[in-house]
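Reading through the structure tokens given below for one structure.
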Amino acid sequence: MSLKDRTVGFAVTGSHCTLEEVMPEVKRLVEEGAKVIPIVSPAVAETDTRFGMASEWAARLKDITSQSLITSIEEAEPIGPKGLLDLLVIAPCTGNTLAKLANGVTDSPVLMAAKAQLRNQKPVVLAVSTNDGLGLNARNIGLLLNTKNVYLVPFGQDDPHKKANSLKAHMRMILDTALAALEGRQLQPVLKTFSD
């Protein structure tokens, strides 16, 4: 399986502390031959944080992908009827995005892209990054694990002693998870410690 000549949506949500870790993974997908369409949540598009300015993240995504960013629901809506994507990756995927996706809420370009992909029965890959993955969001992760065409990047507790409920995907496994998802299978094991 290859990403050559595939169109991949790469949606980025507001786990700002994880954005630096995700950027090389966007580049890897491009290097594997995919046309990568960047999609950003309002939190990424509009919020400056200690981890970087919104305009800098946008510029980096545009530079890596050579594509304009999708920043509105209106821009994301054609993904469904036009069948624009072979695969959608949401990385990092915040607890907020997980909860809304699990409960059918479509109030951002990222969630519209996910709704469009699922409408087309095409794969959506989630790379979780949430401080409440073993708390209130545990049920949403459970729902999504059992949702057709949704695949999770293997994840684990990133800081079990200081943040016992926090879960984070192994971002370096986005490419492998994407390739498996295109074959209709979940990369295993889903639960992977950070010491593995």
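Residues are named by chain letter and number: chains run A, B, ... in the order of the structure tokens, numbers start at 1 in each chain, and ligands are numbered from 1 in the order shown.
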
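Backbone DSSP of segment 65-168 of chain A yields strand (DSSP E) at A:Leu87, A:Leu88, A:Val89, A:Ile90, A:Ala91, A:Pro92, A:Cys93, A:Val124, A:Val125, A:Leu126, A:Ala127, A:Val128, A:Ser129, A:Thr130, A:Val150, A:Tyr151, A:Leu152, A:Phe155, A:Gly156, A:Leu167, A:Lys168.
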
What's around Glu20 of chain A at 10 Å? Count only C-alpha atoms, leave out sequence neighbours fewer than 6 positions away in its own chain, and write the answer as an mmCIF file with N, CA and C atoms, in the first residue's frame.
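The resulting file, out.cif, is shown below:
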```
data_model
loop_
_atom_site.group_PDB
_atom_site.id
_atom_site.type_symbol
_atom_site.label_atom_id
_atom_site.label_comp_id
_atom_site.auth_asym_id
_atom_site.auth_seq_id
_atom_site.Cartn_x
_atom_site.Cartn_y
_atom_site.Cartn_z
ATOM 1 N N PHE A 51 3.071 28.208 22.564
ATOM 2 C CA PHE A 51 3.648 27.201 21.675
ATOM 3 C C PHE A 51 3.794 27.703 20.241
ATOM 4 N N GLY A 52 3.276 28.892 19.958
ATOM 5 C CA GLY A 52 3.431 29.466 18.619
ATOM 6 C C GLY A 52 2.248 30.330 18.222
ATOM 7 N N TRP A 57 1.799 28.701 12.412
ATOM 8 C CA TRP A 57 1.353 27.331 12.146
ATOM 9 C C TRP A 57 0.729 27.242 10.763
#
```

For segment 111-113 of chain A: contacts at 7 Å, only C-alpha atoms, fewer than 6 positions along chain excluded, given as a count of residues only: 5

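The two atoms in question, atom CA of Leu191 of chain A and atom CA of Gly156 of chain A, are spaced 5.7 Å apart.
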
Can you list every residue in segment 95-194 of chain A that DSSP puts in helix (DSSP H, G or I), as an MDAnalysis selection string? chainID A and resid 95:102 109:119 138:145 171:182

Write a file of the just-selected residues containing N, CA and C atoms, as a compact mmCIF listing (two decimals), in the first residue's frame.
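Wrote it out as result25.txt, contents follow:
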```
# COMPACT_ATOMS: atom_id res chain seq x y z
N GLY A 95 -9.75 16.27 22.99
CA GLY A 95 -10.92 15.69 23.65
C GLY A 95 -12.20 16.36 23.20
N ASN A 96 -12.15 17.65 22.96
CA ASN A 96 -13.30 18.39 22.47
C ASN A 96 -13.75 17.85 21.11
N THR A 97 -12.79 17.63 20.22
CA THR A 97 -13.11 17.09 18.89
C THR A 97 -13.61 15.66 18.99
N LEU A 98 -12.97 14.84 19.84
CA LEU A 98 -13.43 13.47 20.06
C LEU A 98 -14.89 13.45 20.51
N ALA A 99 -15.21 14.27 21.50
CA ALA A 99 -16.57 14.29 22.06
C ALA A 99 -17.59 14.70 21.01
N LYS A 100 -17.26 15.72 20.25
CA LYS A 100 -18.20 16.19 19.23
C LYS A 100 -18.36 15.17 18.11
N LEU A 101 -17.28 14.57 17.68
CA LEU A 101 -17.35 13.57 16.62
C LEU A 101 -18.18 12.36 17.08
N ALA A 102 -17.94 11.92 18.30
CA ALA A 102 -18.66 10.76 18.84
C ALA A 102 -20.16 11.02 19.00
N PRO A 109 -14.61 23.29 10.74
CA PRO A 109 -14.18 22.69 9.47
C PRO A 109 -13.65 21.27 9.63
N VAL A 110 -13.00 21.00 10.76
CA VAL A 110 -12.46 19.65 11.00
C VAL A 110 -13.59 18.64 11.14
N LEU A 111 -14.60 18.99 11.91
CA LEU A 111 -15.74 18.07 12.11
C LEU A 111 -16.56 17.93 10.83
N MET A 112 -16.68 18.99 10.04
CA MET A 112 -17.36 18.89 8.75
C MET A 112 -16.61 17.94 7.82
N ALA A 113 -15.27 18.04 7.83
CA ALA A 113 -14.46 17.14 7.00
C ALA A 113 -14.66 15.69 7.44
N ALA A 114 -14.69 15.46 8.76
CA ALA A 114 -14.90 14.11 9.27
C ALA A 114 -16.29 13.59 8.89
N LYS A 115 -17.30 14.42 9.04
CA LYS A 115 -18.67 14.03 8.67
C LYS A 115 -18.72 13.68 7.19
N ALA A 116 -18.05 14.49 6.36
CA ALA A 116 -18.03 14.25 4.92
C ALA A 116 -17.36 12.91 4.59
N GLN A 117 -16.24 12.63 5.23
CA GLN A 117 -15.54 11.36 4.99
C GLN A 117 -16.40 10.17 5.38
N LEU A 118 -17.02 10.26 6.55
CA LEU A 118 -17.84 9.14 7.01
C LEU A 118 -19.08 8.96 6.14
N ARG A 119 -19.60 10.06 5.65
CA ARG A 119 -20.72 10.00 4.70
C ARG A 119 -20.31 9.20 3.47
N ALA A 138 -13.29 8.93 27.96
CA ALA A 138 -13.09 7.49 27.77
C ALA A 138 -14.27 6.87 27.02
N ARG A 139 -15.48 7.30 27.36
CA ARG A 139 -16.64 6.73 26.66
C ARG A 139 -16.67 7.13 25.20
N ASN A 140 -16.21 8.34 24.88
CA ASN A 140 -16.19 8.78 23.48
C ASN A 140 -15.15 8.01 22.67
N ILE A 141 -14.01 7.73 23.29
CA ILE A 141 -13.00 6.90 22.62
C ILE A 141 -13.58 5.51 22.37
N GLY A 142 -14.28 4.98 23.35
CA GLY A 142 -14.92 3.67 23.19
C GLY A 142 -15.92 3.66 22.04
N LEU A 143 -16.74 4.70 21.95
CA LEU A 143 -17.69 4.80 20.84
C LEU A 143 -16.98 4.85 19.50
N LEU A 144 -15.93 5.65 19.43
CA LEU A 144 -15.22 5.82 18.15
C LEU A 144 -14.44 4.58 17.76
N LEU A 145 -13.94 3.84 18.74
CA LEU A 145 -13.25 2.58 18.44
C LEU A 145 -14.20 1.59 17.75
N MET A 171 2.55 9.86 17.64
CA MET A 171 2.42 10.60 16.39
C MET A 171 3.27 10.01 15.27
N ARG A 172 4.40 9.38 15.62
CA ARG A 172 5.25 8.77 14.59
C ARG A 172 4.56 7.59 13.91
N MET A 173 3.42 7.16 14.43
CA MET A 173 2.70 6.03 13.85
C MET A 173 1.53 6.46 12.97
N ILE A 174 1.43 7.76 12.69
CA ILE A 174 0.35 8.26 11.84
C ILE A 174 0.42 7.62 10.45
N LEU A 175 1.59 7.61 9.84
CA LEU A 175 1.73 7.04 8.50
C LEU A 175 1.31 5.57 8.47
N ASP A 176 1.83 4.77 9.41
CA ASP A 176 1.49 3.35 9.44
C ASP A 176 -0.01 3.14 9.66
N THR A 177 -0.61 3.96 10.52
CA THR A 177 -2.04 3.85 10.78
C THR A 177 -2.84 4.23 9.54
N ALA A 178 -2.39 5.27 8.84
CA ALA A 178 -3.06 5.70 7.61
C ALA A 178 -3.03 4.60 6.56
N LEU A 179 -1.89 3.98 6.38
CA LEU A 179 -1.76 2.91 5.39
C LEU A 179 -2.67 1.73 5.74
N ALA A 180 -2.70 1.37 7.03
CA ALA A 180 -3.58 0.28 7.48
C ALA A 180 -5.05 0.65 7.26
N ALA A 181 -5.41 1.90 7.57
CA ALA A 181 -6.79 2.35 7.41
C ALA A 181 -7.25 2.27 5.96
N LEU A 182 -6.36 2.57 5.03
CA LEU A 182 -6.69 2.48 3.61
C LEU A 182 -6.96 1.03 3.20
```

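The gap separating atom CA of Met53 of chain A from atom CA of Leu152 of chain A is 28.1 Å, in Å to one decimal.
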
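For the pair atom CA of Leu88 of chain A and atom CA of Pro123 of chain A, the interatomic distance is 6.4 Å.
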
Using only C-alpha atoms, determine which residues lie at most 8 Å from Leu167 of chain A, disregarding the query and same-chain residues fewer than 4 positions distant; provide the list as a PyMOL selection string. chain A and resi 128-134+155-158

Could you name the residues that touch Leu3 of chain A at 9 Å or less, counting only C-alpha atoms, but leaving out those on the same chain fewer than 6 positions away, as a list in words? Leu29, Val30, Glu32, Gly33, Ala34, Lys35, Ala178 and Leu179 of chain A
